[in-house]
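Data block below; observations after.
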Amino acid sequence: MRTGAPSWLTRTVPCHGGEAQSLIMTKQVSSPDRDGGALTRLFDAWVGADAAWFVVPLAGCAWMAMGWDASGLASALGSAREGAWPLCLAAGTDAPKGIVPWTVLVPWVLMVTAMVPPMSAGLLRYVALRSLRARRYRAMTLSLGGVLGVWLAGGMAAAPVIAALLAAWPIQALCVAAYFLAAAWQFAPLRRRAVRRCHRVRPLAGDGWAADRDCFVLGVARGGDCLLACGPMMLAGVLSGHALLGMAVMAVIAQAERWARDPAPGPAAVILACLAVVYLPV
């Protein structure tokens, strides 16, 4: 019998008698609040069909935050002209003095939150499938926390180096170098092995501390491979001031690599090299 709640949630409701169950099911079907509106039914169907549904609103909020922060970030890094969320405009030649690691770390966190959860959706679906229903969201949260934790650690380690480079070199030269580095990195054997490992899974314990450990360790391992595969590309995104065109292109590249088991590096390298040309001095 159809109810307003997702099928994989309604099956977990305990039953203490046939009469009580019948009353509950009748109330769910007949209540207009539970079944109200096409949007509610559509949302219930989405939640029921995809356990990793929450990555979409999470990433969407981060994308909006990047859009709000883009003008301030571009001004701080000296990497774009006036206007919020510019379309890959030519970078300025001089970065202002006094760049600190915090200036780089905050945009890094926003970018990672926008880009990484959608790339981890396949991992989260696997974790949900291999976990008990009562602890699915806990298991997915631990796995996603492991992935994001690795990216945050990578950003904290790289932020002082990036800040020092920004203080010593023109931002335009750094943008060009970062995009060309990301293009060349596509052909690195180490990166290609990391991309293949992004499709690797491992058995998970069913319950208890061992299950929490397995979910978190799986997330950390996936985050390490993801950072190794996409780190240079993300660095270029930060240095370009979250330019809309560059961020959208990098999101498509990263997501396409999660759909293909062994993606060809050539197309992505050509696209990243074209983005580097945008920042060349004219």
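Quick note on naming: the chains in the structure tokens go A, B, ... in the order shown, residues restart at 1 in each chain, and ligands are numbered from 1 in order of appearance.
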
So that I can check the secondary structure, give me every residue of segment 88-274 of chain A assigned helix (DSSP H, G or I) by backbone DSSP, as a ChimeraX atom specification. /A:101-119,121-129,133-168,171-185,189-197,208-239,244-259,265-274

Skip Pro203 of chain A itself and residues of its chain fewer than 4 positions away, then list as a list in words all residues within 12 Å of it, counting only C-alpha atoms.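 My reading of the contact set: Tyr126, Val127, Leu129, Arg130, Ser131, Ala210, Ala211, Arg213, Asp214, Cys215, Val217 and Leu218 of chain A.
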
Could you pull the residues within 10 Å of Ala177 of chain A, counting only C-alpha atoms, minus those fewer than 5 positions along the same chain, as a PyMOL selection string? chain A and resi 171-172+182-183+236+273+276+279-280

Counting only C-alpha atoms, what is within 9 Å of Gly237 of chain A, bar same-chain residues fewer than 4 positions away, as a ChimeraX atom specification? /A:108,111,175,178-179,232-233,241-243,246-247,250

Calculate how many Å separate atom CA of Val201 of chain A from atom CA of Ala157 of chain A, rounding to one decimal. 27.2 Å

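For the set A:Val116, A:Ala159, A:Leu239, A:Val270, the residue with the smallest atom-to-atom gap to Phe180 of chain A is A:Val270, counting only C-alpha atoms.
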
Give me the residues near segment 224-230 of chain A as a count of residues only, where near means some atom within 12 Å (using only C-alpha atoms) and where sequence neighbours in that chain fewer than 5 positions away do not count. 54
